[in-house]
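For reference, entry.txt (compact mmCIF, C-alpha atoms):
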```txt
# COMPACT_ATOMS: atom_id res chain seq x y z
CA THR A 1 27.47 30.42 35.24
CA ASP A 2 30.76 30.20 33.38
CA ALA A 3 30.36 33.83 32.26
CA VAL A 4 29.72 34.96 35.83
CA ALA A 5 32.77 33.04 37.01
CA GLN A 6 34.80 34.95 34.43
CA GLY A 7 33.57 38.30 35.77
CA LEU A 8 30.55 39.14 33.57
CA PRO A 9 28.25 41.41 35.70
CA ILE A 10 24.92 39.60 35.23
CA ASP A 11 22.32 38.40 37.72
CA ILE A 12 21.73 34.66 37.20
CA GLU A 13 18.51 34.58 39.22
CA GLU A 14 17.13 37.57 37.32
CA LEU A 15 17.79 35.79 34.03
CA ARG A 16 16.21 32.60 35.33
CA ALA A 17 13.08 34.49 36.41
CA ALA A 18 12.86 36.31 33.07
CA LEU A 19 13.00 33.04 31.15
CA ASP A 20 10.09 31.71 33.27
CA ASP A 21 10.77 28.16 32.11
CA PRO A 22 12.64 26.02 34.69
CA GLU A 23 13.03 23.09 32.33
CA GLY A 24 14.20 25.26 29.47
CA TRP A 25 16.75 26.83 31.83
CA ALA A 26 17.97 23.41 32.89
CA GLN A 27 18.32 22.30 29.28
CA GLU A 28 20.13 25.42 28.08
CA TYR A 29 22.20 26.52 31.08
CA ASP A 30 22.57 23.75 33.67
CA PRO A 31 25.74 21.79 32.87
CA LEU A 32 24.69 18.98 35.20
CA ASP A 33 21.36 18.34 33.49
CA PHE A 34 22.00 18.60 29.76
CA LEU A 35 19.81 17.18 27.01
CA ASP A 36 20.71 13.66 25.90
CA SER A 37 17.91 13.03 23.42
CA ALA A 38 14.45 14.21 22.43
CA SER A 39 11.67 12.69 20.38
CA VAL A 40 8.23 13.83 19.29
CA LEU A 41 5.56 12.43 21.58
CA LEU A 42 2.78 12.39 18.97
CA PRO A 43 4.03 12.04 15.37
CA TYR A 44 1.85 13.38 12.57
CA GLU A 45 1.00 9.90 11.31
CA LEU A 46 -0.31 8.92 14.75
CA LEU A 47 -2.39 12.09 15.01
CA ALA A 48 -3.85 11.50 11.53
CA LEU A 49 -5.18 8.09 12.60
CA CYS A 50 -7.29 9.73 15.31
CA GLU A 51 -8.53 12.79 13.44
CA SER A 52 -12.26 12.41 12.84
CA ALA A 53 -15.09 14.40 11.30
CA THR A 54 -17.28 13.27 14.21
CA ALA A 55 -15.06 15.14 16.68
CA SER A 56 -15.58 18.88 17.06
CA GLU A 57 -13.47 21.86 18.07
CA VAL A 58 -16.45 24.16 18.60
CA ILE A 59 -19.91 23.15 19.75
CA SER A 60 -23.23 24.97 20.07
CA PRO A 61 -23.86 26.69 23.43
CA GLU A 62 -27.06 24.67 23.72
CA TYR A 63 -24.94 21.57 24.30
CA TRP A 64 -24.04 22.86 27.77
CA LEU A 65 -27.65 23.40 28.78
CA THR A 66 -28.63 19.71 28.85
CA ARG A 67 -26.98 16.62 30.28
CA PRO A 68 -24.71 14.97 27.66
CA GLN A 69 -25.79 11.58 26.37
CA PHE A 70 -22.50 10.00 27.44
CA PRO A 71 -20.17 10.72 30.41
CA LEU A 72 -18.27 13.96 29.83
CA PHE A 73 -14.73 14.66 31.02
CA LEU A 74 -12.72 17.89 31.02
CA GLY A 75 -9.06 18.78 31.15
CA ILE A 76 -8.26 22.43 31.92
CA ASP A 77 -4.83 23.99 31.43
CA PHE A 78 -5.10 27.47 32.95
CA GLY A 79 -3.34 30.55 31.63
CA ARG A 80 -3.83 34.21 32.43
CA LYS A 81 -1.39 36.47 30.58
CA ARG A 82 1.31 34.57 28.74
CA ASP A 83 -0.38 31.26 27.86
CA LEU A 84 -3.85 30.20 26.79
CA THR A 85 -6.46 28.64 29.00
CA VAL A 86 -7.63 25.52 27.21
CA CYS A 87 -10.59 23.39 28.26
CA TRP A 88 -10.65 20.08 26.37
CA SER A 89 -14.03 18.31 26.60
CA ALA A 90 -14.71 14.73 25.52
CA GLU A 91 -17.51 12.21 25.88
CA ASN A 92 -16.58 8.63 26.74
CA ILE A 93 -18.44 6.39 24.30
CA ALA A 94 -17.56 2.73 24.90
CA ASP A 95 -14.02 3.78 25.92
CA LEU A 96 -13.60 6.08 22.90
CA LEU A 97 -12.94 9.64 24.05
CA LEU A 98 -14.80 11.69 21.44
CA THR A 99 -13.75 15.33 21.54
CA LYS A 100 -16.72 17.69 21.75
CA GLU A 101 -14.91 21.00 22.22
CA VAL A 102 -11.42 22.46 22.48
CA LEU A 103 -12.06 25.84 24.05
CA ALA A 104 -9.17 28.33 24.03
CA LEU A 105 -9.33 31.55 26.07
CA GLU A 106 -6.63 34.20 25.71
CA LYS A 107 -5.66 36.94 28.17
CA MET A 108 -9.06 36.87 29.85
CA SER A 109 -9.73 37.82 33.46
CA THR A 110 -10.16 34.95 35.90
CA PRO A 111 -13.78 35.85 36.81
CA LYS A 112 -14.73 35.89 33.12
CA GLN A 113 -13.02 32.54 32.59
CA VAL A 114 -14.92 31.05 35.53
CA GLU A 115 -18.17 32.34 34.03
CA ILE A 116 -17.40 30.57 30.76
CA LEU A 117 -16.10 27.36 32.35
CA ARG A 118 -18.90 26.96 34.91
CA PRO A 119 -21.59 25.47 32.60
CA ARG A 120 -19.03 23.06 31.19
CA ILE A 121 -17.92 21.87 34.62
CA ARG A 122 -21.54 21.42 35.69
CA GLN A 123 -22.10 18.87 32.94
CA ALA A 124 -18.84 16.98 33.51
CA VAL A 125 -18.36 13.83 35.54
CA ARG A 126 -14.75 14.71 36.37
CA VAL A 127 -12.42 17.63 35.71
CA CYS A 128 -8.62 17.62 35.96
CA LEU A 129 -7.20 21.11 36.44
CA ASP A 130 -3.65 22.42 36.17
CA TYR A 131 -3.07 23.48 39.79
CA THR A 132 0.25 25.22 39.19
CA GLY A 133 1.15 28.91 39.37
CA ALA A 134 -1.89 31.01 38.51
CA GLY A 135 -3.99 27.85 38.44
CA VAL A 136 -3.80 27.52 42.23
CA GLY A 137 -6.23 30.37 42.82
CA LEU A 138 -8.64 29.12 40.16
CA GLY A 139 -8.48 25.60 41.56
CA ASP A 140 -9.24 26.74 45.10
CA TYR A 141 -12.23 28.71 43.84
CA LEU A 142 -13.64 25.84 41.74
CA VAL A 143 -13.21 23.33 44.57
CA GLU A 144 -15.37 25.55 46.77
CA GLU A 145 -18.14 25.38 44.18
CA PHE A 146 -17.82 21.85 42.77
CA GLY A 147 -15.90 19.89 45.39
CA GLU A 148 -12.48 18.24 45.19
CA TRP A 149 -11.78 14.80 43.75
CA ASN A 150 -9.17 13.17 45.99
CA PRO A 151 -10.23 9.65 47.02
CA THR A 152 -7.17 9.17 49.23
CA GLN A 153 -8.63 11.90 51.45
CA ASP A 154 -12.24 10.70 51.05
CA LYS A 155 -13.08 13.62 48.78
CA PHE A 156 -15.38 12.76 45.88
CA GLY A 157 -16.21 16.05 44.18
CA LYS A 158 -15.57 16.93 40.53
CA ILE A 159 -12.26 18.78 40.51
CA GLU A 160 -8.90 17.02 40.69
CA LEU A 161 -6.14 19.51 41.43
CA CYS A 162 -3.10 18.45 39.40
CA GLN A 163 0.28 19.94 40.32
CA PHE A 164 2.64 19.72 37.35
CA THR A 165 5.44 17.75 38.93
CA GLN A 166 7.77 15.49 36.99
CA ALA A 167 5.82 12.51 38.31
CA LEU A 168 2.56 13.89 36.92
CA LYS A 169 4.08 14.57 33.50
CA GLN A 170 5.52 11.07 33.43
CA ASP A 171 2.03 9.76 34.12
CA ILE A 172 -0.28 11.81 31.90
CA PHE A 173 1.70 12.20 28.67
CA PRO A 174 2.46 8.49 28.11
CA LYS A 175 -1.22 7.74 28.78
CA LEU A 176 -2.21 10.37 26.22
CA LYS A 177 0.06 8.69 23.67
CA MET A 178 -1.42 5.27 24.51
CA ARG A 179 -4.89 6.64 23.72
CA PHE A 180 -3.68 7.63 20.27
CA GLU A 181 -1.83 4.36 19.68
CA ASN A 182 -4.91 2.34 20.62
CA ARG A 183 -7.25 4.57 18.56
CA LYS A 184 -9.21 5.35 21.73
CA ILE A 185 -9.42 9.10 21.20
CA ALA A 186 -11.02 11.12 18.39
CA ILE A 187 -9.79 14.66 17.77
CA PRO A 188 -10.99 17.40 15.40
CA ILE A 189 -9.42 17.85 12.00
CA SER A 190 -7.59 21.08 12.78
CA ARG A 191 -4.15 22.32 11.82
CA VAL A 192 -3.85 24.36 15.03
CA ILE A 193 -4.69 21.38 17.24
CA ARG A 194 -2.45 19.08 15.20
CA GLU A 195 0.56 21.38 15.52
CA ASP A 196 -0.07 21.93 19.24
CA LEU A 197 -0.16 18.19 19.96
CA HIS A 198 2.83 17.52 17.71
CA ALA A 199 4.99 20.10 19.50
CA VAL A 200 5.32 18.06 22.72
CA HIS A 201 8.62 16.18 22.99
CA ARG A 202 9.73 13.38 25.24
CA VAL A 203 13.09 14.53 26.54
CA THR A 204 15.77 12.43 28.19
CA LEU A 205 18.03 14.29 30.63
CA ASN A 206 20.74 13.13 32.97
CA SER A 207 18.16 13.47 35.74
CA GLY A 208 15.48 11.43 33.93
CA VAL A 209 12.65 11.74 31.43
CA THR A 210 10.44 14.81 31.07
CA TYR A 211 8.10 16.36 28.49
CA ARG A 212 8.53 19.78 26.92
CA ALA A 213 7.13 22.06 24.27
CA PRO A 214 8.44 25.39 22.98
CA HIS A 215 6.75 28.68 23.82
CA THR A 216 5.19 30.19 20.71
CA ASP A 217 2.75 32.99 19.91
CA ASP A 218 0.02 30.34 20.21
CA GLY A 219 1.00 29.21 23.69
CA HIS A 220 2.99 26.35 25.15
CA SER A 221 1.19 23.27 23.79
CA ASP A 222 -1.65 24.19 26.12
CA ARG A 223 -4.08 22.10 24.07
CA ALA A 224 -1.88 19.04 24.46
CA THR A 225 -1.70 19.55 28.22
CA ALA A 226 -5.48 19.96 28.42
CA ALA A 227 -5.96 16.79 26.36
CA ALA A 228 -3.64 14.84 28.67
CA LEU A 229 -5.53 16.15 31.71
CA MET A 230 -8.83 15.14 30.09
CA VAL A 231 -7.54 11.60 29.58
CA ARG A 232 -6.55 11.51 33.24
CA ALA A 233 -10.04 12.69 34.24
CA ALA A 234 -11.62 9.91 32.18
CA GLY A 235 -9.33 7.38 33.85
CA SER A 236 -10.34 8.39 37.38
CA SER A 237 -14.10 8.52 36.94
CA SER A 238 -15.19 5.97 39.50
CA GLY A 239 -16.22 7.02 42.98
CA PRO A 240 -18.74 5.90 45.58
CA PHE A 241 -20.36 9.27 46.14
CA ALA A 242 -21.77 12.12 44.12
CA PHE A 243 -21.00 15.71 45.12
CA SER A 244 -23.64 18.39 45.57
CA VAL A 245 -23.39 21.85 47.06
CA VAL A 246 -25.12 22.24 50.42
CA THR A 247 -26.47 25.72 51.12
CA ASP A 248 -26.99 27.27 54.54
CA ARG A 249 -30.75 26.83 54.10
CA ASP A 250 -30.32 23.12 53.35
CA SER A 251 -28.24 22.64 56.50
CA GLN A 252 -31.06 24.02 58.61
CA ILE A 253 -33.63 21.49 57.40
```

Representation of the structure as structure tokens:
Amino acid sequence: TDAVAQGLPIDIEELRAALDDPEGWAQEYDPLDFLDSASVLLPYELLALCESATASEVISPEYWLTRPQFPLFLGIDFGRKRDLTVCWSAENIADLLLTKEVLALEKMSTPKQVEILRPRIRQAVRVCLDYTGAGVGLGDYLVEEFGEWNPTQDKFGKIELCQFTQALKQDIFPKLKMRFENRKIAIPISRVIREDLHAVHRVTLNSGVTYRAPHTDDGHSDRATAAALMVRAAGSSSGPFAFSVVTDRDSQI
């Protein structure tokens, strides 16, 4: 903005759109919302305490053909072109969230992603989905098939549509860290997963606290976001009704 004021012929809004990162723009270019401090959300030593050989990054396709032994929860961070889609699956075993799979899909068409995600969602008790940007269309489609989870509106399906507001970030990322601090989550022993989780920072701005991760060739800490959404799904698992799809033929009985 200072350069524009001094006569530099550039389009601020075009630059902002090209960056495609509102928080990064605020940190780098907004003089009223500069960075005061930042700290790693999940230090390596904390991650190491929760890495376990019993957790898995990849699981046999047969797992999705039968009902899991323990309640299964999913967190899905959707990406289409720039970022990964990550589906983090975990079973809740006596309040320990044991990771069963960390599925990463890259630059895959939405119909193909739905085809892959469908058997996983069928077996889950609850799914929290990133309902932001491209995720809006996917969320609308999945709600039609599996029902929406929104108890405040008397909706008790499987899919919670999570818009990535500041309030949501301030809710899910501290709860993810609490899971690690309390040793209530088991994650695979994986360098890729470790680095993804470690990349998230708690950032203090003039306008408040937020959570950020840098864009890299491997995404935007999409695994960490999916893990945080999975923890949220596990924390909202109660509900008085079960959802099932009613077909036109059923309605005529």

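The gap separating atom CA of Ile159 of chain A from atom CA of Glu144 of chain A is 9.7 Å, in Å to one decimal.
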
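Each of A:Ala228, A:Met178, A:Ala186, A:Leu168 was checked against Cys87 of chain A using all atoms listed in the file; the smallest atom-to-atom distance is that of A:Ala228.
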
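Distance-wise, atom CA of Leu46 of chain A and atom CA of Arg212 of chain A end up 18.6 Å apart.
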
Practice item. Work out how far atom CA of His201 of chain A is from atom CA of Ala224 of chain A, in Å to one decimal. Key: 11.0 Å

Revision key, fill the gap. Judged by all atoms listed in the file, the minimum distance to His198 of chain A among A:Asp222, A:Glu62, A:Asp154, A:Asp95 is found for A:Asp222

Revision key, fill the gap. For Arg120 of chain A, the closest of A:Lys107, A:Lys100, A:Lys177, A:Arg223 counting only C-alpha atoms is A:Lys100

Review point. Which neighbours of Val40 of chain A fall inside 12 Å, counting only C-alpha atoms, when residues of the same chain fewer than 2 positions from it are skipped, and could you give them as JSON, numbers by chain?
Key: {"A": [37, 38, 42, 43, 44, 45, 46, 47, 173, 174, 177, 195, 196, 197, 198, 199, 200, 201, 202, 203, 204, 211, 212, 213]}

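Of the residues under consideration (A:Val231, A:Ile121, A:Ser221, A:Thr165), A:Val231 shows the shortest atom-to-atom contact distance to Phe180 of chain A when counting only C-alpha atoms.
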
**Study point:** Residues within 9 Å of (-9.2, 16.8, 35.6), file coords, all atoms listed in the file, listed as a list of chain:residue names
**Key:** A:Phe73, A:Leu74, A:Gly75, A:Ile76, A:Arg126, A:Val127, A:Cys128, A:Leu129, A:Asp130, A:Trp149, A:Lys158, A:Ile159, A:Glu160, A:Leu161, A:Cys162, A:Ala226, A:Leu229, A:Met230, A:Val231, A:Arg232, A:Ala233, A:Ala234, A:Ser236

**Study point:** Shell of 7 Å around segment 67-71 of chain A, only C-alpha atoms, local chain residues under 4 positions omitted, as a PyMOL selection string
**Key:** chain A and resi 91-93+123+125

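Closest approach to Thr85 of chain A among A:Ser109, A:Thr66, A:Gln163, A:Asn206: A:Ser109, based on all atoms listed in the file.
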
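For the choices A:Leu98, A:Ala124, A:Val136, A:Leu49, the atom-to-atom distance to Thr110 of chain A is smallest for A:Val136 when using only C-alpha atoms.
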